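S.K.: Sharing start-v1.txt here; it has compact mmCIF, C-alpha atoms and all ligand atoms.
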# COMPACT_ATOMS: atom_id res chain seq x y z
CA MET A 1 -12.14 24.07 -18.19
CA LYS A 2 -14.34 25.46 -20.98
CA SER A 3 -17.63 27.19 -20.18
CA ASN A 4 -19.32 26.05 -23.42
CA ALA A 5 -19.15 22.62 -25.04
CA SER A 6 -20.65 21.21 -28.23
CA VAL A 7 -20.63 17.77 -26.58
CA VAL A 8 -19.88 16.71 -22.99
CA ILE A 9 -18.71 13.13 -22.44
CA ILE A 10 -18.99 11.81 -18.88
CA GLY A 11 -16.27 9.22 -18.28
CA GLY A 12 -12.68 9.06 -19.50
CA GLY A 13 -12.46 5.26 -19.78
CA ILE A 14 -11.88 3.43 -23.05
CA ILE A 15 -15.45 4.12 -24.21
CA GLY A 16 -15.50 7.86 -23.43
CA THR A 17 -12.06 8.51 -24.91
CA SER A 18 -12.82 6.41 -28.01
CA ILE A 19 -16.01 8.42 -28.59
CA ALA A 20 -14.07 11.68 -28.13
CA PHE A 21 -11.41 10.48 -30.58
CA ASN A 22 -14.02 9.69 -33.22
CA LEU A 23 -15.85 13.00 -32.68
CA ALA A 24 -12.59 14.88 -33.15
CA LYS A 25 -11.89 12.82 -36.29
CA LEU A 26 -15.28 13.88 -37.65
CA GLY A 27 -14.25 17.50 -37.09
CA VAL A 28 -16.41 18.26 -34.06
CA LYS A 29 -14.93 21.18 -32.10
CA ASP A 30 -15.34 22.01 -28.39
CA VAL A 31 -15.73 18.44 -27.16
CA VAL A 32 -15.28 18.24 -23.38
CA VAL A 33 -14.56 15.03 -21.43
CA PHE A 34 -14.96 14.81 -17.65
CA GLU A 35 -13.22 12.03 -15.76
CA LYS A 36 -13.65 12.03 -12.01
CA SER A 37 -10.36 10.26 -11.34
CA TYR A 38 -7.26 9.50 -13.46
CA ILE A 39 -7.26 7.94 -16.95
CA SER A 40 -7.79 4.17 -16.74
CA SER A 41 -8.86 4.31 -13.10
CA GLY A 42 -12.16 2.58 -13.97
CA SER A 43 -12.87 -0.88 -15.34
CA THR A 44 -10.62 -0.28 -18.34
CA GLY A 45 -7.45 -0.15 -16.26
CA ARG A 46 -8.55 -3.25 -14.34
CA CYS A 47 -9.58 -5.49 -17.21
CA GLY A 48 -8.09 -8.59 -18.81
CA GLY A 49 -7.40 -6.99 -22.20
CA GLY A 50 -8.95 -9.84 -24.22
CA ILE A 51 -10.17 -9.06 -27.75
CA ARG A 52 -12.54 -11.80 -28.87
CA GLN A 53 -14.98 -12.09 -31.76
CA GLN A 54 -16.46 -15.46 -30.70
CA TRP A 55 -19.84 -14.39 -29.31
CA THR A 56 -23.31 -15.91 -29.39
CA SER A 57 -25.07 -12.65 -30.28
CA PRO A 58 -24.58 -11.65 -33.95
CA MET A 59 -24.43 -7.98 -32.89
CA ASN A 60 -21.55 -8.63 -30.50
CA VAL A 61 -19.75 -10.60 -33.26
CA ARG A 62 -20.18 -7.68 -35.68
CA LEU A 63 -19.05 -5.04 -33.17
CA ALA A 64 -16.02 -7.15 -32.22
CA MET A 65 -15.10 -7.81 -35.86
CA ARG A 66 -15.24 -4.08 -36.67
CA SER A 67 -13.16 -3.38 -33.55
CA VAL A 68 -10.53 -5.88 -34.67
CA GLU A 69 -10.23 -4.00 -37.99
CA LEU A 70 -9.67 -0.82 -35.99
CA PHE A 71 -7.30 -2.42 -33.44
CA LYS A 72 -5.14 -3.55 -36.37
CA ARG A 73 -4.71 0.13 -37.38
CA PHE A 74 -4.62 1.49 -33.82
CA LYS A 75 -0.92 2.36 -33.84
CA GLU A 76 -1.28 4.22 -37.13
CA ASP A 77 -4.56 5.96 -36.18
CA VAL A 78 -3.99 6.75 -32.52
CA GLY A 79 -0.20 6.82 -32.48
CA MET A 80 0.83 4.32 -29.82
CA ASP A 81 1.84 0.67 -29.60
CA ILE A 82 -0.75 -0.92 -27.30
CA GLU A 83 0.82 -4.42 -27.32
CA TYR A 84 -1.92 -5.63 -29.65
CA TYR A 85 -1.30 -9.31 -30.35
CA GLN A 86 -3.43 -11.60 -32.51
CA GLY A 87 -2.49 -14.88 -30.85
CA GLY A 88 -6.02 -16.31 -31.20
CA TYR A 89 -8.61 -17.39 -28.65
CA LEU A 90 -9.22 -20.99 -27.65
CA LEU A 91 -12.60 -21.84 -26.09
CA LEU A 92 -12.72 -25.22 -24.34
CA ALA A 93 -15.78 -27.49 -24.17
CA TYR A 94 -16.10 -30.03 -21.36
CA ASP A 95 -19.23 -31.98 -22.32
CA GLU A 96 -21.32 -32.85 -25.36
CA LYS A 97 -23.99 -30.25 -24.52
CA GLU A 98 -21.37 -27.48 -24.38
CA MET A 99 -19.85 -28.76 -27.63
CA ALA A 100 -23.27 -28.70 -29.32
CA ASP A 101 -23.67 -25.06 -28.19
CA PHE A 102 -20.22 -24.28 -29.59
CA GLU A 103 -21.20 -25.84 -32.94
CA ASN A 104 -24.25 -23.62 -33.06
CA ASN A 105 -22.20 -20.55 -32.07
CA VAL A 106 -19.66 -21.22 -34.80
CA LYS A 107 -22.51 -21.24 -37.35
CA ILE A 108 -23.66 -17.82 -36.08
CA GLN A 109 -20.10 -16.48 -36.18
CA LYS A 110 -19.31 -17.89 -39.65
CA ASN A 111 -22.56 -16.37 -40.86
CA GLU A 112 -21.10 -12.97 -39.88
CA GLY A 113 -17.96 -13.78 -41.88
CA LEU A 114 -15.67 -14.75 -38.99
CA ASP A 115 -12.82 -17.18 -39.64
CA VAL A 116 -13.45 -19.59 -36.75
CA GLU A 117 -13.32 -23.37 -36.48
CA LEU A 118 -14.25 -26.30 -34.28
CA VAL A 119 -11.23 -28.18 -32.94
CA THR A 120 -10.82 -31.67 -31.51
CA PRO A 121 -8.80 -32.44 -28.35
CA LYS A 122 -6.11 -33.95 -30.63
CA GLU A 123 -5.88 -30.72 -32.66
CA ILE A 124 -5.73 -28.65 -29.47
CA HIS A 125 -2.95 -30.90 -28.14
CA GLU A 126 -0.99 -30.51 -31.39
CA LYS A 127 -1.21 -26.72 -31.16
CA PHE A 128 -0.66 -26.41 -27.41
CA PRO A 129 1.11 -29.56 -26.12
CA PHE A 130 1.86 -27.94 -22.75
CA MET A 131 -1.85 -27.96 -21.72
CA ASP A 132 -3.49 -30.72 -19.69
CA LEU A 133 -6.72 -31.42 -21.59
CA GLU A 134 -8.28 -33.90 -19.15
CA GLY A 135 -12.06 -33.81 -19.66
CA VAL A 136 -11.91 -31.59 -22.78
CA VAL A 137 -14.22 -32.89 -25.55
CA GLY A 138 -13.37 -30.16 -28.08
CA GLY A 139 -13.30 -26.44 -28.56
CA THR A 140 -13.39 -23.51 -30.93
CA TRP A 141 -10.46 -21.58 -32.30
CA CYS A 142 -10.35 -18.13 -33.88
CA PRO A 143 -6.84 -17.10 -34.98
CA SER A 144 -7.65 -13.39 -35.42
CA ASP A 145 -8.76 -12.95 -31.79
CA GLY A 146 -6.14 -11.65 -29.40
CA HIS A 147 -5.38 -9.15 -26.68
CA ALA A 148 -3.85 -5.76 -25.94
CA ASN A 149 -2.80 -3.64 -22.99
CA PRO A 150 -5.94 -1.77 -21.85
CA GLN A 151 -4.17 0.86 -19.73
CA ILE A 152 -1.91 1.87 -22.61
CA ALA A 153 -4.89 1.91 -25.01
CA ASN A 154 -6.86 4.23 -22.71
CA ILE A 155 -3.86 6.52 -22.24
CA ALA A 156 -3.16 6.47 -26.00
CA TYR A 157 -6.68 7.72 -26.75
CA ALA A 158 -6.40 10.33 -23.97
CA LEU A 159 -3.13 11.76 -25.30
CA LYS A 160 -4.40 11.72 -28.88
CA ILE A 161 -7.67 13.52 -28.11
CA LYS A 162 -5.80 16.26 -26.26
CA GLU A 163 -3.58 16.68 -29.31
CA MET A 164 -6.75 16.88 -31.47
CA GLY A 165 -8.17 19.71 -29.34
CA VAL A 166 -10.53 17.86 -27.00
CA ASP A 167 -10.74 19.44 -23.54
CA LEU A 168 -10.02 16.45 -21.27
CA ASN A 169 -10.57 17.22 -17.58
CA THR A 170 -9.37 14.53 -15.19
CA HIS A 171 -10.17 14.67 -11.46
CA THR A 172 -13.40 16.47 -12.35
CA GLU A 173 -16.62 14.84 -11.26
CA VAL A 174 -19.97 15.47 -12.93
CA LYS A 175 -22.50 16.13 -10.17
CA GLY A 176 -25.61 16.94 -12.17
CA ILE A 177 -27.12 17.28 -15.63
CA ASP A 178 -29.23 20.39 -16.11
CA VAL A 179 -32.39 19.53 -18.08
CA GLN A 180 -35.04 22.13 -18.94
CA ASN A 181 -38.22 21.26 -20.84
CA GLY A 182 -36.81 17.97 -22.07
CA LYS A 183 -33.57 19.58 -23.32
CA ILE A 184 -30.10 19.45 -21.83
CA VAL A 185 -28.75 22.93 -21.13
CA GLY A 186 -25.64 22.21 -19.09
CA VAL A 187 -23.60 20.02 -16.80
CA GLU A 188 -22.59 20.75 -13.20
CA THR A 189 -19.18 19.52 -12.06
CA ASP A 190 -17.24 19.88 -8.83
CA LYS A 191 -15.06 22.43 -10.66
CA GLY A 192 -17.85 24.51 -12.22
CA TYR A 193 -20.67 24.60 -14.78
CA VAL A 194 -20.44 24.06 -18.53
CA LYS A 195 -23.19 24.92 -21.01
CA THR A 196 -24.02 22.21 -23.52
CA ASN A 197 -26.97 20.65 -25.36
CA VAL A 198 -25.42 17.22 -25.90
CA VAL A 199 -24.28 14.77 -23.19
CA VAL A 200 -22.86 11.27 -23.64
CA ASN A 201 -23.00 8.95 -20.64
CA ALA A 202 -19.86 6.78 -20.80
CA ALA A 203 -19.58 6.43 -17.04
CA GLY A 204 -18.93 2.67 -16.93
CA GLY A 205 -19.73 1.31 -13.46
CA PHE A 206 -21.63 4.52 -12.67
CA SER A 207 -23.82 4.56 -15.79
CA HIS A 208 -27.04 4.06 -13.81
CA GLU A 209 -26.22 6.90 -11.41
CA VAL A 210 -25.35 9.26 -14.30
CA GLY A 211 -28.59 8.28 -16.07
CA LYS A 212 -30.48 9.25 -12.90
CA MET A 213 -28.88 12.73 -13.01
CA ALA A 214 -31.02 13.36 -16.09
CA GLY A 215 -33.99 11.37 -14.76
CA VAL A 216 -33.38 8.37 -17.04
CA ASP A 217 -33.59 4.90 -15.52
CA ILE A 218 -30.95 2.85 -17.37
CA PRO A 219 -31.24 -0.88 -16.49
CA THR A 220 -27.58 -1.40 -15.63
CA TYR A 221 -25.81 -2.30 -12.43
CA SER A 222 -22.23 -2.94 -11.37
CA GLU A 223 -20.82 -6.25 -10.35
CA ARG A 224 -17.40 -6.95 -8.84
CA HIS A 225 -15.04 -9.22 -10.80
CA GLN A 226 -11.65 -10.33 -9.56
CA ILE A 227 -8.44 -10.82 -11.51
CA LEU A 228 -4.76 -11.50 -10.82
CA VAL A 229 -1.32 -11.31 -12.41
CA THR A 230 1.64 -13.66 -11.97
CA GLU A 231 5.36 -13.14 -12.29
CA ALA A 232 6.75 -13.17 -15.85
CA ILE A 233 8.30 -16.10 -17.70
CA ASN A 234 9.38 -16.60 -21.31
CA HIS A 235 6.63 -16.49 -23.92
CA VAL A 236 4.74 -19.78 -24.09
CA LEU A 237 1.01 -19.05 -24.40
CA ASP A 238 -0.06 -17.51 -27.69
CA PRO A 239 -3.85 -17.52 -27.34
CA MET A 240 -6.20 -16.33 -24.68
CA VAL A 241 -7.86 -19.49 -23.28
CA ILE A 242 -11.39 -19.58 -21.87
CA SER A 243 -13.52 -22.21 -20.22
CA PHE A 244 -17.09 -21.27 -19.33
CA LYS A 245 -17.58 -24.59 -17.56
CA LYS A 246 -14.47 -24.28 -15.40
CA ASN A 247 -15.10 -20.53 -15.16
CA TYR A 248 -11.78 -18.96 -16.17
CA TYR A 249 -9.89 -16.94 -18.74
CA VAL A 250 -6.12 -16.59 -19.03
CA ARG A 251 -3.61 -14.87 -21.26
CA GLN A 252 0.12 -14.16 -21.26
CA THR A 253 1.07 -10.51 -21.58
CA MET A 254 3.86 -9.26 -23.85
CA HIS A 255 5.94 -8.79 -20.68
CA GLY A 256 5.57 -12.52 -19.88
CA SER A 257 3.21 -12.42 -16.89
CA PHE A 258 -0.14 -14.25 -16.92
CA ILE A 259 -3.38 -12.37 -16.34
CA MET A 260 -6.34 -14.52 -15.31
CA GLY A 261 -9.77 -14.26 -13.78
CA GLN A 262 -13.09 -15.92 -13.06
CA SER A 263 -16.55 -14.88 -11.89
CA ASP A 264 -17.35 -15.27 -8.20
CA LYS A 265 -20.23 -17.68 -7.53
CA GLU A 266 -22.36 -14.76 -6.43
CA PRO A 267 -20.60 -11.62 -7.64
CA ALA A 268 -20.99 -8.72 -5.21
CA ARG A 269 -23.09 -5.91 -6.63
CA GLY A 270 -21.94 -2.30 -6.57
CA ASN A 271 -18.67 -0.49 -6.96
CA ASP A 272 -16.92 -1.82 -3.87
CA LEU A 273 -13.66 -3.07 -5.35
CA GLY A 274 -12.34 -5.32 -2.61
CA HIS A 275 -10.92 -8.80 -3.26
CA THR A 276 -10.87 -12.16 -1.52
CA VAL A 277 -8.56 -15.02 -0.58
CA GLU A 278 -11.22 -17.46 -1.87
CA PHE A 279 -10.60 -16.11 -5.37
CA LEU A 280 -6.92 -17.07 -5.15
CA GLU A 281 -7.77 -20.44 -3.62
CA GLU A 282 -10.17 -21.25 -6.47
CA MET A 283 -8.09 -19.88 -9.35
CA ALA A 284 -4.71 -21.39 -8.49
CA PRO A 285 -5.55 -25.15 -8.54
CA LYS A 286 -7.57 -25.07 -11.75
CA MET A 287 -4.89 -23.08 -13.57
CA VAL A 288 -2.11 -25.37 -12.35
CA HIS A 289 -4.19 -28.36 -13.48
CA ASP A 290 -4.80 -27.07 -17.02
CA PHE A 291 -1.38 -25.37 -17.37
CA PRO A 292 0.99 -27.58 -15.34
CA PHE A 293 3.99 -25.32 -16.09
CA MET A 294 2.36 -22.72 -13.79
CA ASN A 295 2.99 -24.93 -10.77
CA HIS A 296 5.85 -22.83 -9.42
CA LEU A 297 4.66 -19.45 -10.67
CA HIS A 298 4.20 -16.74 -8.04
CA ILE A 299 1.13 -14.53 -7.97
CA VAL A 300 2.27 -10.92 -7.92
CA ARG A 301 -0.97 -9.02 -7.39
CA GLN A 302 -4.74 -9.39 -7.32
CA TRP A 303 -7.38 -6.71 -7.76
CA SER A 304 -10.97 -6.28 -8.89
CA GLY A 305 -13.06 -4.10 -11.16
CA ALA A 306 -16.68 -3.59 -12.08
CA TYR A 307 -18.59 -5.20 -14.92
CA ASN A 308 -21.35 -2.76 -15.80
CA VAL A 309 -24.03 -5.34 -16.49
CA SER A 310 -27.09 -4.98 -18.74
CA PRO A 311 -30.02 -7.44 -18.70
CA ASP A 312 -28.76 -9.32 -21.78
CA ALA A 313 -24.99 -8.78 -21.29
CA GLN A 314 -24.90 -6.69 -24.46
CA PRO A 315 -24.20 -2.96 -24.54
CA ILE A 316 -26.98 -0.38 -24.40
CA ILE A 317 -26.30 2.31 -26.98
CA ASP A 318 -29.19 4.69 -27.27
CA GLU A 319 -30.54 8.21 -26.99
CA ALA A 320 -33.12 8.93 -24.26
CA ASP A 321 -36.75 9.08 -25.44
CA ASN A 322 -37.79 11.97 -23.24
CA ILE A 323 -34.62 14.07 -23.21
CA SER A 324 -33.19 15.31 -26.42
CA ARG A 325 -29.53 14.53 -27.05
CA PHE A 326 -28.84 12.48 -23.94
CA ILE A 327 -26.91 9.57 -25.40
CA PHE A 328 -25.55 6.56 -23.55
CA ALA A 329 -22.97 3.89 -24.31
CA VAL A 330 -23.12 1.64 -21.26
CA GLY A 331 -23.70 -1.90 -19.95
CA PHE A 332 -20.66 -3.50 -21.57
CA SER A 333 -20.50 -6.27 -18.99
CA GLY A 334 -17.19 -8.12 -19.43
CA HIS A 335 -16.41 -6.97 -22.97
CA GLY A 336 -16.28 -3.19 -23.27
CA PHE A 337 -12.56 -2.94 -23.91
CA MET A 338 -12.67 -5.08 -27.03
CA LEU A 339 -15.74 -3.31 -28.43
CA ALA A 340 -14.50 0.24 -27.76
CA PRO A 341 -13.07 1.17 -31.18
CA ALA A 342 -16.29 0.24 -33.03
CA VAL A 343 -18.52 1.71 -30.32
CA GLY A 344 -16.60 5.00 -30.36
CA GLU A 345 -17.06 5.22 -34.11
CA ALA A 346 -20.79 4.38 -33.94
CA VAL A 347 -21.58 6.77 -31.07
CA ALA A 348 -19.68 9.66 -32.67
CA GLU A 349 -21.77 9.11 -35.81
CA MET A 350 -24.95 9.10 -33.69
CA VAL A 351 -23.95 12.46 -32.23
CA VAL A 352 -23.09 14.03 -35.58
CA TYR A 353 -25.60 12.42 -38.00
CA GLY A 354 -28.37 11.31 -35.61
CA LYS A 355 -27.58 7.65 -36.29
CA SER A 356 -24.64 5.36 -36.75
CA LYS A 357 -23.61 5.09 -40.41
CA THR A 358 -20.77 2.55 -40.46
CA MET A 359 -22.78 -0.12 -38.63
CA ASP A 360 -26.44 -0.60 -37.88
CA ILE A 361 -26.56 -0.72 -34.08
CA SER A 362 -30.28 0.02 -33.74
CA ASN A 363 -30.94 -3.27 -31.94
CA LEU A 364 -28.83 -2.06 -28.99
CA LYS A 365 -31.51 0.43 -27.97
CA MET A 366 -33.09 0.21 -24.52
CA GLU A 367 -36.52 -0.60 -26.00
CA ARG A 368 -35.33 -4.20 -26.55
CA PHE A 369 -36.09 -4.90 -22.88
CA LYS A 370 -39.66 -3.58 -22.91
CA GLY A 371 -42.00 -6.54 -22.44
CA LYS A 372 -39.86 -8.74 -24.66
CA LYS A 373 -38.13 -12.03 -23.94
CA ILE A 374 -34.49 -11.22 -23.34
CA SER A 375 -32.02 -13.21 -25.38
CA LYS A 376 -28.81 -13.22 -23.35
CA GLU A 377 -25.24 -13.30 -24.60
CA ARG A 378 -24.02 -16.66 -23.27
CA ASN A 379 -20.26 -16.61 -23.95
CA VAL A 380 -19.34 -14.77 -20.77
CA VAL A 381 -17.09 -15.48 -17.79
C1 LIG A 401 -11.80 -8.04 -13.99
C2 LIG A 401 -12.30 -7.55 -15.33
C3 LIG A 401 -11.86 -8.17 -16.50
C4 LIG A 401 -12.31 -7.72 -17.74
N1 LIG A 401 -11.80 -8.29 -18.88
C5 LIG A 401 -12.15 -7.80 -20.09
C6 LIG A 401 -11.55 -8.30 -21.27
O1 LIG A 401 -10.73 -9.20 -21.24
N2 LIG A 401 -11.92 -7.74 -22.45
C7 LIG A 401 -12.85 -6.73 -22.52
O2 LIG A 401 -13.18 -6.30 -23.62
N3 LIG A 401 -13.42 -6.23 -21.40
C8 LIG A 401 -13.10 -6.72 -20.20
N4 LIG A 401 -13.66 -6.21 -19.07
C9 LIG A 401 -14.72 -5.21 -19.21
C10 LIG A 401 -14.12 -3.86 -19.51
O3 LIG A 401 -13.15 -3.54 -18.56
C11 LIG A 401 -15.21 -2.78 -19.50
O4 LIG A 401 -16.35 -3.22 -20.22
C12 LIG A 401 -14.69 -1.50 -20.14
O5 LIG A 401 -13.47 -1.12 -19.56
C13 LIG A 401 -15.73 -0.41 -19.98
O6 LIG A 401 -15.15 0.83 -20.35
P1 LIG A 401 -15.85 2.18 -19.90
O7 LIG A 401 -15.09 3.28 -20.50
O8 LIG A 401 -17.31 2.07 -20.18
O9 LIG A 401 -15.76 2.16 -18.33
P2 LIG A 401 -14.59 2.68 -17.35
O10 LIG A 401 -13.25 2.27 -17.81
O11 LIG A 401 -15.00 2.27 -15.98
O12 LIG A 401 -14.68 4.23 -17.51
C14 LIG A 401 -15.76 4.98 -16.99
C15 LIG A 401 -15.17 6.19 -16.31
O13 LIG A 401 -16.22 7.07 -15.92
C16 LIG A 401 -15.79 7.77 -14.79
N5 LIG A 401 -16.96 8.36 -14.13
C17 LIG A 401 -18.01 7.71 -13.59
N6 LIG A 401 -18.90 8.59 -13.08
C18 LIG A 401 -18.40 9.83 -13.34
C19 LIG A 401 -18.84 11.15 -13.05
N7 LIG A 401 -19.97 11.38 -12.38
N8 LIG A 401 -18.08 12.20 -13.46
C20 LIG A 401 -16.91 11.98 -14.13
N9 LIG A 401 -16.43 10.75 -14.40
C21 LIG A 401 -17.17 9.69 -14.02
C22 LIG A 401 -15.09 6.69 -13.96
O14 LIG A 401 -14.19 7.25 -13.04
C23 LIG A 401 -14.42 5.85 -15.03
O15 LIG A 401 -13.05 6.15 -15.19
C24 LIG A 401 -13.24 -6.64 -17.82
C25 LIG A 401 -13.67 -6.00 -16.64
C26 LIG A 401 -13.20 -6.44 -15.41
C27 LIG A 401 -13.66 -5.74 -14.17
Spell out the structure here as structure tokens.

M.R.:
Amino acid sequence: MKSNASVVIIGGGIIGTSIAFNLAKLGVKDVVVFEKSYISSGSTGRCGGGIRQQWTSPMNVRLAMRSVELFKRFKEDVGMDIEYYQGGYLLLAYDEKEMADFENNVKIQKNEGLDVELVTPKEIHEKFPFMDLEGVVGGTWCPSDGHANPQIANIAYALKIKEMGVDLNTHTEVKGIDVQNGKIVGVETDKGYVKTNVVVNAAGGFSHEVGKMAGVDIPTYSERHQILVTEAINHVLDPMVISFKKNYYVRQTMHGSFIMGQSDKEPARGNDLGHTVEFLEEMAPKMVHDFPFMNHLHIVRQWSGAYNVSPDAQPIIDEADNISRFIFAVGFSGHGFMLAPAVGEAVAEMVVYGKSKTMDISNLKMERFKGKKISKERNVV
């Protein structure tokens, strides 16, 4: 472990490693990453892997669209096949009100330049005849959405940053951030102290706790979300399918298994990652109804992970007001994996140039919550 760092990144998930990758690309030397467990032990290694650009907030659409550009070049840039597959995303509407919202969302998305369309039940049936569309009144379809393997993506970044000279320390927990007169001077870990003037909080489910280490109250909290995987069958399902009304998402992996999840009615807060039988009892019948071919499919494993939730379900990317060079990239809720390439690029630019150059992300600052009406991202499961 180094004793001096130009930048310390706390968290070796997809966000922390993407930021480190982009810093190294910009030529920053002596970058140090601390990960308290193994790579992909956090939400990244537990997530669904969906990569969707169909959001209701224009900022989320823009970040996702930039990420898709970067996911397309991931193998070339980062050096590993992450099973990236642009099979599209199908969003299902179950009543006229939901369909009217979808029409409005498509306008927002098209305005950002996204190739997305409204689809009728007949068109959905023609594309995906194996689905039971009872109750579906329409949907939206974006062919350039898709999915990838999040564990491999996290590991790919980790291996690449090591090759680029980043000092990646796994099983090393940050215990404190040393601040003197409003300036960061170092970071205390369970393996020793490192001097630095720049810290990036990419601690995922622990972003609030890491903020507190420097005396910054970041309005994020963790929420448990459950997910499962089935046995594998031959490839049948190209897109990721979502229903907000029925509360599910599902995709088929390259290996042939299906990964699917929903939100609990009252998701447990905190980082307790247990799971329940109720989750299985609720998921199984609705999936078998909408995808009758799943009737005899066995569930292989269930687990859970944390959404790190912000008040508007959009990321908080900012630098603290009262502490110089304490930067955070947190609060990704259920969509941090898909935004990671663009966020890594933007945060690295913030570190090096004082602000993001490729994209204007200034409306992701924490000040958006101060006394203002919060406009929430609605396309979430
Ligand atoms: C069930 C589920 C399904 C999801 N599905 C999707 C999806 O389909 N698409 C999508 O885009 N997103 C999805 N997400 C969200 C996505 O997983 C997260 O937004 C994303 O992984 C966040 O990445 P991260 O790097 O911020 O966090 P993490 O991957 O959690 O990484 C943060 C790391 O920081 C480390 N850390 C914390 N505190 C310290 C400390 N003090 N010292 C050192 N290290 C520390 C942790 O150990 C952790 O490894 C899903 C999440 C869940 C739980």

S.K.: Neighbours of ligand LIG 401 (chain A) at 6 Å or closer, counting all atoms listed in the file: which residues, as a ChimeraX atom specification?

M.R.: /A:10-16,34-37,40-44,46-51,172-175,202-206,225-227,304-307,330,332-338

S.K.: Which one is closest to Val381 of chain A: A:Ala340, A:Ala284, A:Ile184, A:Ala313? Count all atoms listed in the file.

M.R.: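 The closest residue to Val381 of chain A is A:Ala313.
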
S.K.: Identify which of the residues A:Met1, A:Val380, A:Ala320, A:Ala342 lies closest to Leu63 of chain A, counting only C-alpha atoms when measuring atom-to-atom distances.

M.R.: A:Ala342

S.K.: Could you please give me, as a list of chain:residue names, the residues of protein, DNA or RNA lying at most 7 Å from (-29.0, 4.0, -27.6) in the coordinate frame of the file, considering only C-alpha atoms?

M.R.: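 The distance filter leaves exactly A:Ile316, A:Ile317, A:Asp318, A:Glu319, A:Ile327, A:Phe328, A:Ala329, A:Leu364, A:Lys365, A:Met366.
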
S.K.: Could you please take those selected residues and save C-alpha atoms as a PDB file, keeping the file's coordinate frame?

M.R.:
ATOM      1  CA  ILE A 316     -26.980  -0.380 -24.400  1.00  0.00           C
ATOM      2  CA  ILE A 317     -26.300   2.310 -26.980  1.00  0.00           C
ATOM      3  CA  ASP A 318     -29.190   4.690 -27.270  1.00  0.00           C
ATOM      4  CA  GLU A 319     -30.540   8.210 -26.990  1.00  0.00           C
ATOM      5  CA  ILE A 327     -26.910   9.570 -25.400  1.00  0.00           C
ATOM      6  CA  PHE A 328     -25.550   6.560 -23.550  1.00  0.00           C
ATOM      7  CA  ALA A 329     -22.970   3.890 -24.310  1.00  0.00           C
ATOM      8  CA  LEU A 364     -28.830  -2.060 -28.990  1.00  0.00           C
ATOM      9  CA  LYS A 365     -31.510   0.430 -27.970  1.00  0.00           C
ATOM     10  CA  MET A 366     -33.090   0.210 -24.520  1.00  0.00           C
TER      11      MET A 366
END

S.K.: Measuring atom to atom with all atoms listed in the file, identify which of A:Ala148, A:Met283, A:Met164, A:Val187 is nearest to Leu26 of chain A.

M.R.: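 Closest residue, counting all atoms listed in the file: A:Met164.
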
S.K.: Of the candidates A:Thr230, A:Asn154, A:Ser243, A:Gln314, which one gets nearest to His296 of chain A if we count all atoms listed in the file?

M.R.: A:Thr230

S.K.: Just the number, please: distance in Å from atom CA of Gly270 of chain A to atom CA of Gln302 of chain A, one decimal.

M.R.: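 Interatomic distance here is 18.6 Å.
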
S.K.: Of the candidates A:Ala158, A:Val68, A:Val116, A:Ile108, which shows the shortest atom-to-atom distance to Cys142 of chain A, using only C-alpha atoms?

M.R.: A:Val116

S.K.: Could you jot down the atom CA of Ile259 of chain A to atom CA of Lys376 of chain A separation for me, Å, one decimal place?

M.R.: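 We find that atom CA of Ile259 of chain A and atom CA of Lys376 of chain A lie 26.4 Å from each other.
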
S.K.: Between A:Glu112, A:Asp95, A:Asp312, A:Glu188, which residue has the minimum interatomic distance to Glu377 of chain A, considering only C-alpha atoms?

M.R.: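 Once distances to Glu377 of chain A are computed over only C-alpha atoms, the minimum belongs to A:Asp312.
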
S.K.: Using only C-alpha atoms, which residues of segment 153-241 of chain A come within 12 Å of segment 288-293 of chain A, and what is the closest atom pair for each, with the distance in Å to one decimal? Give it as CSV, sorted by chain and residue number.

M.R.:
residue,atom,partner,partner_atom,distance
A:Ile233,CA,A:Phe293,CA,10.3
A:Asn234,CA,A:Phe293,CA,11.5
A:Val236,CA,A:Phe293,CA,9.8
A:Leu237,CA,A:Phe291,CA,9.8
A:Val241,CA,A:Asp290,CA,10.3

S.K.: To test the calculation: enclose all listed atoms of segment 331-339 of chain A in a box whose edges run along x, y and z, add 8 Å on each side, then state centre and edge lengths in Å to one decimal, as AutoDock Vina command-line options.

M.R.:
--center_x -18.1 --center_y -5.0 --center_z -23.7 --size_x 27.1 --size_y 22.2 --size_z 25.4

S.K.: For Leu159 of chain A, find every residue with an atom within 12 Å (counting only C-alpha atoms), except residues of its own chain fewer than 4 positions away, and show them as a list in words.

M.R.: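 Answer for this query is Gly12, Thr17, Ser18, Ala20, Phe21, Ile39, Val78, Gly79, Met80, Ile152, Ala153, Asn154, Ile155, Glu163, Met164, Gly165, Val166, Asp167 and Leu168 of chain A.
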
S.K.: Print the selection's residues with C-alpha atoms to a file, as a tab-separated table (two decimals), keeping the file's coordinate frame.

M.R.:
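Everything below was put into selection_2.tsv:
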chain	number	residue	atom	x	y	z
A	12	GLY	CA	-12.68	9.06	-19.50
A	17	THR	CA	-12.06	8.51	-24.91
A	18	SER	CA	-12.82	6.41	-28.01
A	20	ALA	CA	-14.07	11.68	-28.13
A	21	PHE	CA	-11.41	10.48	-30.58
A	39	ILE	CA	-7.26	7.94	-16.95
A	78	VAL	CA	-3.99	6.75	-32.52
A	79	GLY	CA	-0.20	6.82	-32.48
A	80	MET	CA	0.83	4.32	-29.82
A	152	ILE	CA	-1.91	1.87	-22.61
A	153	ALA	CA	-4.89	1.91	-25.01
A	154	ASN	CA	-6.86	4.23	-22.71
A	155	ILE	CA	-3.86	6.52	-22.24
A	163	GLU	CA	-3.58	16.68	-29.31
A	164	MET	CA	-6.75	16.88	-31.47
A	165	GLY	CA	-8.17	19.71	-29.34
A	166	VAL	CA	-10.53	17.86	-27.00
A	167	ASP	CA	-10.74	19.44	-23.54
A	168	LEU	CA	-10.02	16.45	-21.27
